[in-house]
$ cat model.cif   # mmCIF, C-alpha atoms
data_protein
#
loop_
_atom_site.label_atom_id
_atom_site.label_comp_id
_atom_site.auth_asym_id
_atom_site.auth_seq_id
_atom_site.Cartn_x
_atom_site.Cartn_y
_atom_site.Cartn_z
CA MET K 10 179.98 -35.81 -157.42
CA GLU K 11 180.78 -32.66 -159.39
CA LYS K 12 177.24 -31.28 -158.97
CA TRP K 13 176.54 -32.20 -155.35
CA VAL K 14 175.76 -28.60 -154.27
CA GLY K 15 172.18 -28.21 -153.09
CA ASN K 16 171.76 -31.98 -152.73
CA ILE K 17 173.07 -32.71 -149.25
CA GLN K 18 171.57 -36.21 -149.27
CA SER K 19 173.98 -37.19 -152.06
CA LEU K 20 176.91 -36.58 -149.70
CA PHE K 21 175.58 -39.04 -147.14
CA LEU K 22 174.72 -41.57 -149.84
CA ALA K 23 178.28 -41.32 -151.19
CA MET K 24 179.64 -41.78 -147.69
CA VAL K 25 177.62 -44.96 -147.11
CA LYS K 26 178.38 -46.31 -150.58
CA GLU K 27 182.14 -45.84 -150.11
CA ASP K 28 181.95 -47.33 -146.59
CA ALA K 29 183.57 -44.16 -145.28
CA SER K 30 183.95 -43.54 -141.58
CA ASP K 31 183.77 -39.73 -141.70
CA LEU K 32 182.39 -36.92 -143.83
CA PHE K 33 184.10 -33.50 -143.65
CA ILE K 34 182.23 -30.30 -144.55
CA LYS K 35 184.28 -27.10 -144.59
CA VAL K 36 183.39 -23.75 -146.12
CA GLY K 37 185.64 -22.94 -149.06
CA ALA K 38 186.67 -26.54 -149.80
CA PRO K 39 184.94 -29.52 -151.45
CA PRO K 40 183.30 -32.06 -149.14
CA ALA K 41 185.59 -35.00 -148.35
CA ILE K 42 185.28 -38.46 -146.83
CA ARG K 43 187.68 -40.68 -144.92
CA VAL K 44 187.98 -44.18 -146.38
CA ALA K 45 190.27 -46.33 -144.23
CA LYS K 46 192.83 -43.66 -143.22
CA ASN K 47 192.78 -41.74 -146.48
CA ILE K 48 190.93 -38.48 -147.19
CA LYS K 49 189.06 -38.47 -150.52
CA PRO K 50 187.43 -35.29 -151.94
CA LEU K 51 183.89 -35.56 -153.30
CA GLY K 52 184.21 -33.55 -156.49
CA THR K 53 185.66 -30.07 -156.79
CA GLU K 54 182.68 -27.82 -155.96
CA PRO K 55 183.50 -25.91 -152.73
CA VAL K 56 181.06 -25.59 -149.85
CA THR K 57 179.59 -22.09 -149.59
CA PRO K 58 178.52 -20.40 -146.33
CA GLU K 59 174.90 -20.69 -147.54
CA ILE K 60 175.20 -24.46 -148.05
CA ALA K 61 176.84 -24.85 -144.63
CA GLN K 62 174.03 -22.88 -142.99
CA LYS K 63 171.44 -25.01 -144.79
CA LEU K 64 173.16 -28.18 -143.54
CA PHE K 65 173.27 -26.75 -140.02
CA CYS K 66 169.52 -26.09 -140.04
CA GLU K 67 168.67 -29.49 -141.52
CA THR K 68 170.80 -31.62 -139.20
CA THR K 69 170.38 -29.96 -135.80
CA THR K 70 167.65 -29.56 -133.22
CA GLU K 71 166.79 -26.35 -131.40
CA ARG K 72 168.71 -27.63 -128.36
CA THR K 73 171.85 -28.31 -130.41
CA ARG K 74 171.65 -24.89 -132.05
CA LYS K 75 171.38 -23.25 -128.63
CA ILE K 76 174.45 -25.14 -127.35
CA PHE K 77 176.36 -24.14 -130.47
CA GLU K 78 175.41 -20.48 -130.10
CA GLN K 79 176.57 -20.48 -126.48
CA GLY K 80 179.85 -22.35 -126.92
CA GLY K 81 180.76 -22.26 -130.61
CA GLU K 82 180.68 -26.07 -130.95
CA ALA K 83 178.31 -28.95 -130.32
CA ASP K 84 177.89 -32.72 -130.59
CA ALA K 85 174.70 -34.28 -131.90
CA SER K 86 173.27 -37.27 -133.69
CA TYR K 87 171.47 -37.14 -137.01
CA GLU K 88 169.47 -39.77 -138.85
CA MET K 89 168.60 -39.59 -142.54
CA PHE K 90 165.70 -41.87 -143.45
CA GLY K 91 166.74 -44.62 -145.84
CA VAL K 92 170.43 -43.67 -145.59
CA GLY K 93 171.72 -44.11 -142.06
CA ARG K 94 172.56 -42.67 -138.67
CA PHE K 95 175.41 -40.24 -138.05
CA ARG K 96 177.20 -38.65 -135.12
CA VAL K 97 178.13 -35.05 -135.87
CA ASN K 98 180.49 -32.53 -134.34
CA ILE K 99 179.85 -28.93 -135.38
CA PHE K 100 182.46 -26.23 -134.85
CA LYS K 101 183.75 -22.96 -136.27
CA GLN K 102 186.95 -22.31 -138.18
CA ARG K 103 187.83 -18.84 -139.48
CA ASN K 104 184.34 -17.77 -138.40
CA ASN K 105 182.67 -20.31 -140.72
CA LEU K 106 180.72 -23.47 -139.97
CA SER K 107 182.49 -26.83 -140.20
CA PHE K 108 181.13 -30.34 -139.67
CA VAL K 109 182.52 -33.82 -139.15
CA PHE K 110 179.94 -36.59 -139.53
CA ARG K 111 180.77 -40.08 -138.24
CA TYR K 112 178.79 -42.90 -139.87
CA VAL K 113 177.18 -45.15 -137.25
CA LYS K 114 176.17 -48.40 -138.90
CA ASP K 115 172.71 -49.77 -138.13
CA LYS K 116 173.87 -53.33 -137.57
CA ILE K 117 176.16 -53.74 -134.60
CA PRO K 118 179.15 -55.82 -135.72
CA THR K 119 180.27 -58.83 -133.71
CA LEU K 120 183.69 -59.01 -132.08
CA GLU K 121 184.61 -61.66 -134.64
CA ARG K 122 183.82 -59.29 -137.48
CA LEU K 123 185.81 -56.53 -135.79
CA ASN K 124 188.85 -58.86 -135.62
CA LEU K 125 189.11 -58.40 -131.85
CA PRO K 126 190.20 -61.01 -129.26
CA VAL K 127 186.79 -62.66 -128.95
CA LYS K 128 187.35 -65.07 -126.05
CA GLN K 129 189.02 -62.50 -123.79
CA ILE K 130 186.54 -59.68 -124.44
CA HIS K 131 183.52 -61.98 -124.11
CA LYS K 132 184.88 -63.03 -120.72
CA LEU K 133 185.23 -59.37 -119.69
CA SER K 134 181.65 -58.71 -120.84
CA GLN K 135 180.41 -61.44 -118.50
CA ALA K 136 181.98 -59.89 -115.40
CA LYS K 137 179.53 -59.30 -112.56
CA ARG K 138 181.13 -56.09 -111.30
CA GLY K 139 184.10 -53.80 -111.73
CA LEU K 140 185.38 -51.27 -114.26
CA ILE K 141 186.13 -52.03 -117.92
CA LEU K 142 187.80 -49.32 -119.99
CA VAL K 143 188.09 -49.24 -123.77
CA THR K 144 190.71 -46.74 -124.87
CA GLY K 145 192.32 -45.33 -127.98
CA THR K 146 192.52 -42.22 -130.13
CA ALA K 147 189.47 -40.73 -131.85
CA GLY K 148 188.19 -43.06 -134.55
CA SER K 149 189.98 -46.15 -133.24
CA GLY K 150 186.75 -48.10 -132.69
CA LYS K 151 186.01 -47.57 -128.99
CA SER K 152 182.27 -46.96 -129.39
CA THR K 153 181.82 -49.86 -131.81
CA THR K 154 183.73 -52.23 -129.51
CA ILE K 155 181.58 -51.30 -126.51
CA ALA K 156 178.41 -51.60 -128.62
CA SER K 157 179.50 -55.11 -129.65
CA MET K 158 180.14 -56.04 -126.00
CA ILE K 159 176.72 -54.76 -124.93
CA ASP K 160 175.01 -56.53 -127.82
CA TYR K 161 176.74 -59.79 -126.82
CA VAL K 162 175.37 -59.42 -123.28
CA ASN K 163 171.97 -58.47 -124.72
CA GLN K 164 171.84 -61.70 -126.71
CA ASN K 165 173.13 -64.02 -124.00
CA GLN K 166 172.21 -62.69 -120.55
CA CYS K 167 169.19 -61.30 -118.74
CA LYS K 168 170.52 -57.96 -117.50
CA HIS K 169 169.40 -54.38 -117.03
CA ILE K 170 171.80 -52.16 -118.95
CA ILE K 171 171.78 -48.36 -118.71
CA THR K 172 173.81 -46.29 -121.17
CA ILE K 173 174.63 -42.61 -120.67
CA GLU K 174 175.81 -41.09 -123.95
CA ASP K 175 176.58 -37.76 -125.60
CA PRO K 176 175.04 -38.28 -128.08
CA ILE K 177 173.43 -41.73 -128.45
CA GLU K 178 175.22 -43.59 -131.24
CA TYR K 179 174.20 -47.22 -131.68
CA VAL K 180 170.52 -47.86 -130.97
CA PHE K 181 169.88 -51.19 -129.21
CA THR K 182 166.81 -53.41 -129.39
CA ASP K 183 165.96 -55.38 -126.24
CA LYS K 184 166.65 -59.10 -126.63
CA GLN K 185 167.35 -61.02 -123.44
CA SER K 186 168.33 -57.83 -121.63
CA ILE K 187 166.53 -54.54 -120.96
CA ILE K 188 168.54 -51.57 -122.27
CA ASP K 189 167.74 -47.98 -121.30
CA GLN K 190 169.65 -45.39 -123.34
CA ARG K 191 169.96 -41.88 -121.94
CA GLU K 192 171.30 -38.89 -123.85
CA LEU K 193 172.91 -35.83 -122.30
CA GLY K 194 170.79 -32.71 -122.66
CA VAL K 195 167.72 -34.73 -123.59
CA ASP K 196 167.28 -37.33 -120.83
CA THR K 197 169.79 -36.05 -118.27
CA GLN K 198 171.94 -32.96 -117.70
CA SER K 199 175.34 -34.56 -117.03
CA PHE K 200 177.17 -37.87 -116.75
CA ALA K 201 177.74 -37.32 -113.03
CA LEU K 202 174.07 -36.52 -112.32
CA ALA K 203 172.88 -39.52 -114.32
CA LEU K 204 175.33 -41.79 -112.48
CA LYS K 205 174.20 -40.44 -109.11
CA HIS K 206 170.64 -41.57 -109.80
CA CYS K 207 171.59 -44.57 -111.91
CA VAL K 208 172.48 -46.76 -108.93
CA ARG K 209 168.83 -46.47 -107.78
CA GLN K 210 167.54 -47.76 -111.14
CA SER K 211 168.58 -51.38 -110.48
CA PRO K 212 171.23 -51.61 -113.23
CA ASP K 213 173.52 -54.59 -113.74
CA ILE K 214 175.69 -52.81 -116.31
CA ILE K 215 176.26 -49.04 -116.67
CA MET K 216 177.85 -47.75 -119.86
CA ILE K 217 179.28 -44.22 -119.79
CA GLY K 218 180.08 -42.72 -123.19
CA GLU K 219 183.29 -41.09 -121.98
CA MET K 220 185.05 -40.38 -118.69
CA ARG K 221 185.98 -36.81 -119.52
CA ASP K 222 186.36 -35.04 -116.15
CA THR K 223 187.05 -35.62 -112.47
CA GLU K 224 183.38 -35.59 -111.50
CA THR K 225 182.49 -38.30 -114.02
CA VAL K 226 185.51 -40.47 -113.13
CA GLU K 227 184.65 -40.23 -109.43
CA ALA K 228 180.99 -41.13 -110.08
CA ALA K 229 182.04 -44.10 -112.26
CA ILE K 230 184.37 -45.41 -109.55
CA ASN K 231 181.63 -45.01 -106.93
CA ALA K 232 179.17 -46.92 -109.15
CA ALA K 233 181.68 -49.74 -109.62
CA GLU K 234 182.31 -49.82 -105.85
CA THR K 235 178.61 -50.42 -105.21
CA GLY K 236 178.80 -53.71 -107.13
CA HIS K 237 177.90 -52.73 -110.70
CA LEU K 238 179.79 -53.41 -113.90
CA VAL K 239 180.79 -50.05 -115.38
CA ILE K 240 182.04 -49.80 -118.97
CA SER K 241 183.49 -46.57 -120.35
CA THR K 242 186.10 -45.00 -122.65
CA LEU K 243 189.15 -42.81 -122.33
CA HIS K 244 191.32 -41.10 -124.96
CA THR K 245 194.53 -42.84 -123.89
CA ILE K 246 196.97 -44.89 -125.95
CA ASN K 247 197.85 -47.84 -123.70
CA ALA K 248 197.05 -49.48 -120.36
CA TYR K 249 199.82 -47.72 -118.43
CA GLN K 250 198.74 -44.27 -119.62
CA THR K 251 195.10 -45.11 -118.85
CA ILE K 252 195.85 -45.80 -115.18
CA GLU K 253 198.04 -42.68 -114.97
CA ARG K 254 195.30 -40.53 -116.54
CA ILE K 255 192.68 -41.71 -114.03
CA ILE K 256 194.97 -41.11 -111.05
CA ASN K 257 195.99 -37.67 -112.32
CA PHE K 258 192.37 -36.54 -112.51
CA PHE K 259 192.72 -36.18 -108.73
CA PRO K 260 195.07 -34.18 -106.44
CA PRO K 261 198.23 -35.94 -105.13
CA HIS K 262 196.90 -36.51 -101.62
CA GLN K 263 194.21 -38.80 -103.09
CA HIS K 264 196.52 -40.90 -105.27
CA GLN K 265 197.13 -43.65 -102.71
CA LEU K 266 193.38 -44.15 -102.26
CA LEU K 267 192.90 -44.19 -106.05
CA GLN K 268 195.59 -46.85 -106.44
CA GLU K 269 193.85 -49.05 -103.88
CA GLN K 270 190.45 -48.52 -105.50
CA LEU K 271 191.71 -49.29 -109.01
CA ALA K 272 193.51 -52.41 -107.78
CA LEU K 273 190.15 -53.74 -106.60
CA LEU K 274 187.89 -52.34 -109.33
CA ILE K 275 189.73 -52.61 -112.67
CA THR K 276 188.39 -55.68 -114.46
CA GLY K 277 190.13 -55.04 -117.76
CA ILE K 278 191.50 -52.41 -120.12
CA VAL K 279 191.17 -52.82 -123.89
CA CYS K 280 193.40 -50.44 -125.87
CA LEU K 281 192.81 -50.09 -129.62
CA ARG K 282 194.80 -48.87 -132.61
CA LEU K 283 193.91 -49.24 -136.28
CA VAL K 284 196.59 -50.35 -138.75
CA PRO K 285 196.26 -50.50 -142.56
CA THR K 286 195.92 -54.01 -143.94
CA LYS K 287 198.58 -55.37 -146.28
CA ASN K 288 196.35 -54.93 -149.33
CA GLU K 289 195.63 -51.31 -148.23
CA LYS K 290 191.89 -51.90 -148.62
CA GLY K 291 190.99 -51.41 -145.00
CA LEU K 292 192.09 -51.19 -141.38
CA VAL K 293 192.55 -53.89 -138.77
CA PRO K 294 192.70 -53.34 -134.99
CA THR K 295 195.77 -54.11 -132.96
CA VAL K 296 194.93 -54.57 -129.29
CA GLU K 297 196.64 -54.22 -125.94
CA LEU K 298 194.60 -56.12 -123.36
CA MET K 299 195.16 -55.93 -119.61
CA VAL K 300 193.18 -58.21 -117.32
CA ASN K 301 193.38 -57.70 -113.56
CA THR K 302 195.67 -60.61 -112.65
CA PRO K 303 197.17 -61.00 -109.15
CA THR K 304 200.40 -59.39 -110.41
CA VAL K 305 198.55 -56.48 -112.02
CA ARG K 306 196.49 -55.99 -108.87
CA GLU K 307 199.61 -55.81 -106.70
CA LEU K 308 201.29 -53.31 -109.05
CA LEU K 309 198.18 -51.11 -109.09
CA TYR K 310 197.94 -51.24 -105.29
CA LYS K 311 201.57 -50.16 -104.93
CA GLY K 312 201.32 -47.55 -107.67
CA GLN K 313 204.03 -49.25 -109.73
CA THR K 314 202.32 -48.46 -113.03
CA ARG K 315 205.56 -48.48 -115.04
CA GLU K 316 205.83 -52.21 -114.31
CA LEU K 317 202.45 -52.94 -115.90
CA TYR K 318 203.91 -53.54 -119.38
CA LYS K 319 206.00 -56.46 -118.17
CA ALA K 320 203.03 -57.92 -116.27
CA ILE K 321 200.87 -57.71 -119.41
CA GLN K 322 203.67 -59.19 -121.53
CA GLU K 323 204.04 -62.18 -119.19
CA GLY K 324 200.33 -62.63 -118.48
CA SER K 325 199.16 -64.42 -121.66
CA TYR K 326 197.81 -67.28 -119.53
CA TYR K 327 195.14 -64.87 -118.26
CA GLY K 328 194.43 -63.43 -121.72
CA ASN K 329 196.76 -60.42 -121.49
CA GLN K 330 198.60 -59.18 -124.54
CA THR K 331 200.76 -56.20 -125.42
CA PHE K 332 200.51 -54.16 -128.61
CA ASN K 333 203.77 -55.76 -129.76
CA GLN K 334 202.36 -59.26 -129.27
CA SER K 335 199.24 -58.28 -131.21
CA LEU K 336 201.27 -56.65 -134.00
CA LYS K 337 203.59 -59.65 -134.20
CA GLU K 338 200.62 -61.97 -134.70
CA LEU K 339 199.21 -59.76 -137.46
CA CYS K 340 202.61 -59.75 -139.21
CA ILE K 341 203.01 -63.53 -138.97
CA ASN K 342 199.56 -63.99 -140.50
CA GLU K 343 200.54 -61.51 -143.24
CA ILE K 344 197.61 -59.21 -142.45
CA ILE K 345 199.80 -56.11 -142.05
CA THR K 346 203.27 -55.14 -143.23
CA VAL K 347 206.33 -55.04 -140.98
CA GLU K 348 206.70 -51.34 -141.74
CA ASP K 349 203.17 -50.54 -140.54
CA ALA K 350 203.63 -52.75 -137.47
CA LEU K 351 206.79 -50.88 -136.47
CA ALA K 352 205.07 -47.52 -137.03
CA ALA K 353 202.18 -48.55 -134.74
CA SER K 354 204.37 -49.93 -131.96
CA ASP K 355 205.27 -48.13 -128.72
CA LEU K 356 208.50 -50.17 -128.62
CA PRO K 357 209.51 -50.67 -132.26
CA GLU K 358 213.05 -51.83 -131.45
CA GLU K 359 211.70 -54.62 -129.27
CA LEU K 360 209.21 -55.61 -131.98
CA ARG K 361 211.92 -55.57 -134.64
CA LEU K 362 213.99 -58.04 -132.58
CA GLU K 363 210.98 -60.30 -132.02
CA LEU K 364 210.21 -60.40 -135.74
CA ARG K 365 213.77 -61.17 -136.86
CA GLY K 366 214.09 -64.81 -137.82
CA ILE K 367 210.31 -65.29 -137.85
CA MET K 368 209.35 -63.23 -140.89
CA HIS K 369 211.44 -65.24 -143.33
CA THR K 370 209.42 -63.99 -146.28
CA SER K 371 209.98 -60.32 -145.45
CA LYS K 372 212.54 -58.23 -147.27
CA PRO K 373 215.65 -57.34 -145.23
CA GLU K 374 214.99 -53.63 -145.80
CA ASP K 375 211.70 -53.95 -143.87
CA PHE K 376 213.74 -54.25 -140.68
CA ASN K 377 215.74 -51.12 -141.45
CA TYR K 378 212.60 -48.95 -141.19
CA LYS K 379 213.48 -45.66 -139.47
CA LEU K 380 210.98 -44.02 -137.14
#
$ encode --input "model.cif" --output "structure tokens"
Amino acid sequence: MEKWVGNIQSLFLAMVKEDASDLFIKVGAPPAIRVAKNIKPLGTEPVTPEIAQKLFCETTTERTRKIFEQGGEADASYEMFGVGRFRVNIFKQRNNLSFVFRYVKDKIPTLERLNLPVKQIHKLSQAKRGLILVTGTAGSGKSTTIASMIDYVNQNQCKHIITIEDPIEYVFTDKQSIIDQRELGVDTQSFALALKHCVRQSPDIIMIGEMRDTETVEAAINAAETGHLVISTLHTINAYQTIERIINFFPPHQHQLLQEQLALLITGIVCLRLVPTKNEKGLVPTVELMVNTPTVRELLYKGQTRELYKAIQEGSYYGNQTFNQSLKELCINEIITVEDALAASDLPEELRLELRGIMHTSKPEDFNYKL
């Protein structure tokens, strides 16, 4: 990759070949890709302002360029024929263009291939109504998980599914279901506006790319209250924080009403984190899963969100699991190391105690890991 300059296509080809999740373009530094969680430079030739401008012109539409000029950053999708489809965020740093391209694979992976709890998430996907939230940090697999859920419904049920995205990532082909995909700025002006009209379009399932503001959260809750299944994402790290984030979108005098609504509407929350595998050749998801059991419903109604962890921990009969339970299983099956499990845990001391006496093959020093 020493002589990549002037051949932008070679960067995307390298990204696909290395099975990288992200491509970073920054003026003054060589291009780099993220493979698993590691950043890998592509050669040593730095990106020049001219190359960055060329990339900007080749990968954006007039609409995207206008948004960027107005706000200094923009999201878009880009497809290179014969190579693949990418989601791109364009921004400025030190008054120069920078890009982060996320590779969106053509084939939507199954839940089995994603190493997710298949039975529980399939059951959530079959819900008739309610609100399903998939949460995690950026790059944790939220979009791919939702795409897999929608594709499962598409293959097994006759539904009308409407997605509202910014931008469109995975492109679906109708199978047993009809799927209408709407993109912000192209097909609609905002999530809230699309949701307002969406309920009149006879949907069974509404997928919202992200609940990012009060208006969108309120519209999503209203859509779920009218008897639709609403699936969306939030940038939260666990089920407790997810509920708190939704409630805190609104002023205090509305919190009691929100608690009552969520108690009735929440179908499930799937929280994702990626952990390096033991062989360090990839990442595997660890999952906190909260299903709306009678205990969970009562806690939500009363606003006792801090008690949710215990309810999830004791609700395995319903398919619930905590991050610690998920991490423990991955350790027992020798998929991840104890050290990485403890680093990924919200309650590492509790996990350490649970693993003692079970991980007979682990070295004693693994349990002395300091956070």
$ residues_around --input "model.cif" --residues "range 153-158 of chain K" --least-positions-apart "3" --cutoff "7 Å" --atoms "all atoms listed in the file" --output "list in words"
Ile117, Pro118, Thr119, Leu120, Ser134, Gly150, Tyr161, Val162 and Tyr179 of chain K
$ write_last_selection --input "model.cif" --atoms "C-alpha atoms" --output "mmCIF file, keeping the file's coordinate frame"
data_model
loop_
_atom_site.group_PDB
_atom_site.id
_atom_site.type_symbol
_atom_site.label_atom_id
_atom_site.label_comp_id
_atom_site.auth_asym_id
_atom_site.auth_seq_id
_atom_site.Cartn_x
_atom_site.Cartn_y
_atom_site.Cartn_z
ATOM 1 C CA ILE K 117 176.160 -53.740 -134.600
ATOM 2 C CA PRO K 118 179.150 -55.820 -135.720
ATOM 3 C CA THR K 119 180.270 -58.830 -133.710
ATOM 4 C CA LEU K 120 183.690 -59.010 -132.080
ATOM 5 C CA SER K 134 181.650 -58.710 -120.840
ATOM 6 C CA GLY K 150 186.750 -48.100 -132.690
ATOM 7 C CA TYR K 161 176.740 -59.790 -126.820
ATOM 8 C CA VAL K 162 175.370 -59.420 -123.280
ATOM 9 C CA TYR K 179 174.200 -47.220 -131.680
#
$ atom_distance --input "model.cif" --atom1 "CA of Thr314 in chain K" --atom2 "CA of Ala147 in chain K"
24.1 Å
$ axis_aligned_box --input "model.cif" --around "range 89-98 of chain K" --padding-each-side "8 Å" --output "AutoDock Vina command-line options"
--center_x 173.1 --center_y -38.6 --center_z -140.1 --size_x 30.8 --size_y 28.1 --size_z 27.5
$ atom_distance --input "model.cif" --atom1 "CA of Tyr249 in chain K" --atom2 "CA of Cys340 in chain K"
24.2 Å
$ residues_around --input "model.cif" --residues "Thr304 in chain K" --least-positions-apart "5" --cutoff "9 Å" --atoms "only C-alpha atoms" --output "ChimeraX atom specification"
/K:309,317,320,324
$ resolve_selection --input "model.cif" --expression "the PyMOL selection byres ((chain K and resi 88) around 12)" --output "NGL selection string"
:K and (18 or 21 or 67-70 or 85-87 or 89-97 or 110-115 or 177-180)
$ resolve_selection --input "model.cif" --expression "the PyMOL selection byres ((chain K and resi 216-226) around 7)" --output "list in words"
Ile171, Thr172, Ile173, Glu174, Asp175, Phe200, Ala201, Ile214, Ile215, Glu227, Ala228, Ala229, Ile230, Val239, Ile240, Ser241, Thr242, Leu243, Phe258 and Phe259 of chain K
$ resolve_selection --input "model.cif" --expression "the PyMOL selection byres ((chain K and resi 99) around 6)" --output "list in words"
Glu82, Ala83, Asn98, Phe100, Ser107 and Phe108 of chain K
$ closest_residue --input "model.cif" --among "K:Gly291, K:Gly236, K:Pro212, K:Pro303" --to "Leu140 in chain K" --atoms "only C-alpha atoms"
K:Gly236
$ atom_distance --input "model.cif" --atom1 "CA of Ala272 in chain K" --atom2 "CA of Tyr327 in chain K"
16.4 Å
$ closest_residue --input "model.cif" --among "K:Asn16, K:Asn47, K:Asn288, K:Thr331" --to "Ser30 in chain K" --atoms "all atoms listed in the file"
K:Asn47
$ closest_residue --input "model.cif" --among "K:Glu253, K:Glu358, K:Pro261, K:Phe332" --to "Gln313 in chain K" --atoms "only C-alpha atoms"
K:Glu253
$ closest_residue --input "model.cif" --among "K:Arg74, K:Lys132, K:Lys184, K:His237" --to "Arg209 in chain K" --atoms "all atoms listed in the file"
K:His237
$ closest_residue --input "model.cif" --among "K:Leu283, K:Ile17, K:Met24, K:Ala248" --to "Thr146 in chain K" --atoms "only C-alpha atoms"
K:Leu283
